[in-house]
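Student: Next comes the structure file target15.pdb, holding PDB, C-alpha atoms.
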ATOM      1  CA  MET A   1     -95.163 -50.451-110.214  1.00  0.00           C
ATOM      2  CA  GLN A   2     -97.467 -49.131-112.941  1.00  0.00           C
ATOM      3  CA  ARG A   3    -100.512 -50.545-111.139  1.00  0.00           C
ATOM      4  CA  TRP A   4     -99.596 -48.785-107.881  1.00  0.00           C
ATOM      5  CA  LEU A   5     -99.132 -45.466-109.646  1.00  0.00           C
ATOM      6  CA  ARG A   6    -102.536 -45.827-111.303  1.00  0.00           C
ATOM      7  CA  ARG A   7    -104.133 -46.669-107.954  1.00  0.00           C
ATOM      8  CA  GLY A   8    -102.389 -43.723-106.326  1.00  0.00           C
ATOM      9  CA  ARG A   9    -103.722 -41.364-108.991  1.00  0.00           C
ATOM     10  CA  ALA A  10    -107.192 -42.859-108.576  1.00  0.00           C
ATOM     11  CA  ALA A  11    -107.028 -42.355-104.801  1.00  0.00           C
ATOM     12  CA  ILE A  12    -105.982 -38.725-105.183  1.00  0.00           C
ATOM     13  CA  ALA A  13    -108.704 -38.140-107.778  1.00  0.00           C
ATOM     14  CA  MET A  14    -111.270 -39.677-105.412  1.00  0.00           C
ATOM     15  CA  GLY A  15    -109.947 -37.449-102.627  1.00  0.00           C
ATOM     16  CA  PHE A  16    -110.315 -34.304-104.723  1.00  0.00           C
ATOM     17  CA  THR A  17    -113.787 -35.319-105.865  1.00  0.00           C
ATOM     18  CA  TRP A  18    -114.930 -35.836-102.287  1.00  0.00           C
ATOM     19  CA  ALA A  19    -113.160 -32.620-101.188  1.00  0.00           C
ATOM     20  CA  ILE A  20    -115.153 -30.589-103.692  1.00  0.00           C
ATOM     21  CA  ALA A  21    -118.444 -32.213-102.685  1.00  0.00           C
ATOM     22  CA  TRP A  22    -117.770 -31.839 -98.971  1.00  0.00           C
ATOM     23  CA  GLY A  23    -116.565 -28.251 -99.465  1.00  0.00           C
ATOM     24  CA  VAL A  24    -119.874 -27.361-101.115  1.00  0.00           C
ATOM     25  CA  VAL A  25    -121.702 -28.949 -98.167  1.00  0.00           C
ATOM     26  CA  GLY A  26    -119.507 -26.828 -95.886  1.00  0.00           C
ATOM     27  CA  LEU A  27    -121.151 -23.737 -97.359  1.00  0.00           C
ATOM     28  CA  VAL A  28    -124.546 -24.748 -95.939  1.00  0.00           C
ATOM     29  CA  PRO A  29    -124.032 -23.486 -92.335  1.00  0.00           C
ATOM     30  CA  ARG A  30    -123.108 -20.071 -93.688  1.00  0.00           C
ATOM     31  CA  TRP A  31    -125.961 -19.868 -96.207  1.00  0.00           C
ATOM     32  CA  VAL A  32    -128.734 -21.379 -94.114  1.00  0.00           C
ATOM     33  CA  PHE A  33    -127.882 -20.252 -90.592  1.00  0.00           C
ATOM     34  CA  GLY A  34    -125.612 -17.271 -91.250  1.00  0.00           C
ATOM     35  CA  PHE A  35    -123.055 -18.923 -88.987  1.00  0.00           C
ATOM     36  CA  ASN A  36    -119.478 -17.631 -89.088  1.00  0.00           C
ATOM     37  CA  ALA A  37    -116.631 -19.621 -87.608  1.00  0.00           C
ATOM     38  CA  ASP A  38    -112.952 -18.937 -87.070  1.00  0.00           C
ATOM     39  CA  ALA A  39    -112.036 -21.624 -89.594  1.00  0.00           C
ATOM     40  CA  PRO A  40    -114.003 -21.496 -92.848  1.00  0.00           C
ATOM     41  CA  PHE A  41    -116.275 -24.535 -92.999  1.00  0.00           C
ATOM     42  CA  PRO A  42    -115.841 -25.187 -96.735  1.00  0.00           C
ATOM     43  CA  ILE A  43    -112.083 -25.541 -96.282  1.00  0.00           C
ATOM     44  CA  VAL A  44    -112.383 -27.714 -93.176  1.00  0.00           C
ATOM     45  CA  PHE A  45    -115.033 -29.909 -94.791  1.00  0.00           C
ATOM     46  CA  GLY A  46    -112.952 -30.080 -97.973  1.00  0.00           C
ATOM     47  CA  ILE A  47    -109.901 -31.285 -96.059  1.00  0.00           C
ATOM     48  CA  PHE A  48    -111.945 -33.969 -94.313  1.00  0.00           C
ATOM     49  CA  GLY A  49    -113.490 -34.898 -97.667  1.00  0.00           C
ATOM     50  CA  PHE A  50    -110.074 -35.300 -99.269  1.00  0.00           C
ATOM     51  CA  ILE A  51    -108.765 -37.479 -96.444  1.00  0.00           C
ATOM     52  CA  SER A  52    -111.972 -39.526 -96.451  1.00  0.00           C
ATOM     53  CA  GLY A  53    -111.849 -40.031-100.211  1.00  0.00           C
ATOM     54  CA  VAL A  54    -108.240 -41.196-100.152  1.00  0.00           C
ATOM     55  CA  MET A  55    -108.911 -43.534 -97.208  1.00  0.00           C
ATOM     56  CA  PHE A  56    -111.990 -44.946 -98.925  1.00  0.00           C
ATOM     57  CA  SER A  57    -110.098 -45.449-102.156  1.00  0.00           C
ATOM     58  CA  GLY A  58    -107.350 -47.364-100.356  1.00  0.00           C
ATOM     59  CA  LEU A  59    -109.860 -49.488 -98.469  1.00  0.00           C
ATOM     60  CA  LEU A  60    -111.746 -50.227-101.664  1.00  0.00           C
ATOM     61  CA  ALA A  61    -108.580 -51.134-103.577  1.00  0.00           C
ATOM     62  CA  LEU A  62    -107.639 -53.578-100.814  1.00  0.00           C
ATOM     63  CA  THR A  63    -111.043 -55.213-100.565  1.00  0.00           C
ATOM     64  CA  GLU A  64    -112.727 -54.909-103.971  1.00  0.00           C
ATOM     65  CA  GLY A  65    -109.800 -54.273-106.303  1.00  0.00           C
ATOM     66  CA  ARG A  66    -110.605 -57.119-108.700  1.00  0.00           C
ATOM     67  CA  ARG A  67    -114.266 -56.242-109.240  1.00  0.00           C
ATOM     68  CA  THR A  68    -115.631 -54.015-111.958  1.00  0.00           C
ATOM     69  CA  PHE A  69    -118.145 -51.223-111.409  1.00  0.00           C
ATOM     70  CA  ASP A  70    -121.095 -53.267-112.576  1.00  0.00           C
ATOM     71  CA  GLN A  71    -120.145 -56.101-110.199  1.00  0.00           C
ATOM     72  CA  MET A  72    -120.353 -53.801-107.158  1.00  0.00           C
ATOM     73  CA  SER A  73    -123.630 -52.934-105.504  1.00  0.00           C
ATOM     74  CA  ILE A  74    -124.313 -49.436-104.256  1.00  0.00           C
ATOM     75  CA  PRO A  75    -125.228 -50.666-100.726  1.00  0.00           C
ATOM     76  CA  ARG A  76    -121.955 -52.593-100.455  1.00  0.00           C
ATOM     77  CA  PHE A  77    -120.005 -49.607-101.778  1.00  0.00           C
ATOM     78  CA  ALA A  78    -121.778 -47.392 -99.242  1.00  0.00           C
ATOM     79  CA  GLY A  79    -120.948 -49.906 -96.513  1.00  0.00           C
ATOM     80  CA  TRP A  80    -117.251 -49.672 -97.295  1.00  0.00           C
ATOM     81  CA  GLY A  81    -117.613 -45.887 -97.283  1.00  0.00           C
ATOM     82  CA  ALA A  82    -119.290 -45.983 -93.875  1.00  0.00           C
ATOM     83  CA  LEU A  83    -116.521 -48.207 -92.527  1.00  0.00           C
ATOM     84  CA  GLY A  84    -113.953 -45.726 -93.799  1.00  0.00           C
ATOM     85  CA  GLY A  85    -115.924 -42.922 -92.144  1.00  0.00           C
ATOM     86  CA  VAL A  86    -115.910 -44.756 -88.825  1.00  0.00           C
ATOM     87  CA  ALA A  87    -112.149 -45.261 -89.101  1.00  0.00           C
ATOM     88  CA  LEU A  88    -111.598 -41.593 -89.927  1.00  0.00           C
ATOM     89  CA  SER A  89    -113.817 -40.435 -87.073  1.00  0.00           C
ATOM     90  CA  LEU A  90    -111.954 -42.638 -84.583  1.00  0.00           C
ATOM     91  CA  VAL A  91    -108.611 -41.225 -85.726  1.00  0.00           C
ATOM     92  CA  PHE A  92    -109.989 -37.688 -85.633  1.00  0.00           C
ATOM     93  CA  ALA A  93    -111.539 -38.141 -82.177  1.00  0.00           C
ATOM     94  CA  LYS A  94    -108.274 -39.530 -80.830  1.00  0.00           C
ATOM     95  CA  ALA A  95    -106.165 -36.779 -82.420  1.00  0.00           C
ATOM     96  CA  ALA A  96    -108.488 -34.021 -81.176  1.00  0.00           C
ATOM     97  CA  SER A  97    -108.735 -35.612 -77.700  1.00  0.00           C
ATOM     98  CA  PHE A  98    -112.519 -35.622 -77.735  1.00  0.00           C
ATOM     99  CA  ASP A  99    -114.367 -37.037 -74.790  1.00  0.00           C
ATOM    100  CA  LEU A 100    -116.656 -40.006 -75.344  1.00  0.00           C
ATOM    101  CA  ARG A 101    -119.860 -37.981 -75.860  1.00  0.00           C
ATOM    102  CA  ILE A 102    -118.428 -35.908 -78.690  1.00  0.00           C
ATOM    103  CA  ALA A 103    -116.795 -38.953 -80.272  1.00  0.00           C
ATOM    104  CA  ILE A 104    -120.146 -40.776 -80.249  1.00  0.00           C
ATOM    105  CA  ALA A 105    -121.700 -37.816 -82.082  1.00  0.00           C
ATOM    106  CA  VAL A 106    -118.883 -37.590 -84.647  1.00  0.00           C
ATOM    107  CA  ILE A 107    -118.824 -41.291 -85.620  1.00  0.00           C
ATOM    108  CA  PRO A 108    -122.296 -41.529 -87.219  1.00  0.00           C
ATOM    109  CA  THR A 109    -121.842 -38.155 -88.908  1.00  0.00           C
ATOM    110  CA  PHE A 110    -118.656 -39.221 -90.673  1.00  0.00           C
ATOM    111  CA  ALA A 111    -120.041 -42.685 -91.416  1.00  0.00           C
ATOM    112  CA  LEU A 112    -123.169 -41.247 -93.045  1.00  0.00           C
ATOM    113  CA  ALA A 113    -121.241 -38.627 -95.017  1.00  0.00           C
ATOM    114  CA  CYS A 114    -118.742 -41.193 -96.291  1.00  0.00           C
ATOM    115  CA  ALA A 115    -121.468 -43.703 -97.157  1.00  0.00           C
ATOM    116  CA  ALA A 116    -123.344 -41.064 -99.167  1.00  0.00           C
ATOM    117  CA  SER A 117    -120.134 -39.977-100.894  1.00  0.00           C
ATOM    118  CA  ALA A 118    -119.250 -43.572-101.748  1.00  0.00           C
ATOM    119  CA  ALA A 119    -122.691 -44.303-103.176  1.00  0.00           C
ATOM    120  CA  GLY A 120    -122.544 -41.121-105.228  1.00  0.00           C
ATOM    121  CA  SER A 121    -119.057 -42.002-106.459  1.00  0.00           C
ATOM    122  CA  LEU A 122    -120.188 -45.397-107.719  1.00  0.00           C
ATOM    123  CA  ALA A 123    -123.246 -43.890-109.400  1.00  0.00           C
ATOM    124  CA  LEU A 124    -121.057 -41.307-111.150  1.00  0.00           C
ATOM    125  CA  ALA A 125    -118.482 -43.941-112.147  1.00  0.00           C
ATOM    126  CA  ARG A 126    -121.160 -46.149-113.647  1.00  0.00           C
ATOM    127  CA  LYS A 127    -122.637 -43.234-115.534  1.00  0.00           C
ATOM    128  CA  ALA A 128    -119.210 -42.231-116.852  1.00  0.00           C
ATOM    129  CA  ALA A 129    -118.430 -45.817-117.891  1.00  0.00           C
ATOM    130  CA  LEU A 130    -121.712 -46.080-119.810  1.00  0.00           C
ATOM    131  CA  ARG A 131    -121.152 -42.715-121.464  1.00  0.00           C
ATOM    132  CA  GLU A 132    -117.657 -43.802-122.504  1.00  0.00           C
ATOM    133  CA  LEU A 133    -118.885 -46.956-124.243  1.00  0.00           C
ATOM    134  CA  PRO A 134    -120.375 -46.177-127.663  1.00  0.00           C
ATOM    135  CA  ASP A 135    -123.183 -48.730-127.602  1.00  0.00           C
ATOM    136  CA  GLY A 136    -123.966 -48.734-123.877  1.00  0.00           C
ATOM    137  CA  ALA A 137    -122.424 -52.193-123.519  1.00  0.00           C
ATOM    138  CA  PRO A 138    -121.481 -53.393-120.041  1.00  0.00           C
ATOM    139  CA  ALA A 139    -118.272 -51.919-118.647  1.00  0.00           C
ATOM    140  CA  THR A 140    -116.766 -55.391-118.190  1.00  0.00           C
ATOM    141  CA  GLU A 141    -116.163 -55.628-121.922  1.00  0.00           C
ATOM    142  CA  ARG A 142    -113.428 -53.055-121.522  1.00  0.00           C
ATOM    143  CA  GLY A 143    -112.407 -54.235-118.059  1.00  0.00           C
ATOM    144  CA  HIS A 144    -113.195 -51.038-116.145  1.00  0.00           C
ATOM    145  CA  ARG A 145    -112.068 -51.686-112.616  1.00  0.00           C
ATOM    146  CA  PHE A 146    -111.676 -49.506-109.588  1.00  0.00           C
ATOM    147  CA  GLY A 147    -108.115 -48.359-108.985  1.00  0.00           C
TER     148      GLY A 147
END
Have the structure of the file written as structure tokens, please.
Tutor:
Amino acid sequence: MQRWLRRGRAAIAMGFTWAIAWGVVGLVPRWVFGFNADAPFPIVFGIFGFISGVMFSGLLALTEGRRTFDQMSIPRFAGWGALGGVALSLVFAKAASFDLRIAIAVIPTFALACAASAAGSLALARKAALRELPDGAPATERGHRFG
């Protein structure tokens, strides 16, 4: 039970981390193009970021739960993120009743955003693990695992 609670907290933390990053990206249309929408983009992007982060965390715990940060490659991590982005975009396209053309445009967008977020998450986790260790020793000495 303790392990599931820890993984749940990790998934929520990943969701909030991605929500903040995606919310900042949601500011770009307003700053660059001066575009106003009915729904504020930072909030919409933040919600999608949170859902994506939680989905990615669950997918990663199921597939790579026994590996440590230094055993995972950034391309593989990004691949799992892209797969999670494809899954999210399919659910979103179905829920929003998009036609095929819009769904085809949404899928690569979510996949790319989730892959970039996943790669950034691993880079930050590795940096935090190295900063935590006093002598810069590999993270496996303390058993840092995802989830």
Student: Show me, as a ChimeraX atom specification, the residues that have an atom within 8 Å of stretch 41-58 of chain A when counting only C-alpha atoms, minus same-chain residues fewer than 2 positions from it.
Tutor: /A:10-12,14-27,29,37,39,60-62,80-81,84-85,88,114,118,147
Student: How many Å separate atom CA of A:Pro40 from atom CA of A:Ser89?
Tutor: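 Atom CA of A:Ser89 lies 19.8 Å from atom CA of A:Pro40.
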Student: Just checking: using all atoms listed in the file, which residue out of A:Trp31, A:Met1, A:Leu59, A:Phe69 ends up closest to A:Ser121?
Tutor: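 With all atoms listed in the file as the atom set, the closest residue is A:Phe69.
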Student: Quote the spacing between atom CA of A:Leu122 and atom CA of A:Ile74 in Å to one decimal place.
Tutor: 6.7 Å
Student: Please compute the atom CA of A:Phe110-atom CA of A:Arg3 distance, one decimal, in Å.
Tutor: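 Straight-line distance from atom CA of A:Phe110 to atom CA of A:Arg3 works out to 29.6 Å.
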Student: So, with all atoms listed in the file as the atoms that count, which of A:Asp99, A:Ser117, A:Ile104, A:Asn36 lies closest to A:Pro75?
Tutor: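 The closest residue to A:Pro75 is A:Ser117.
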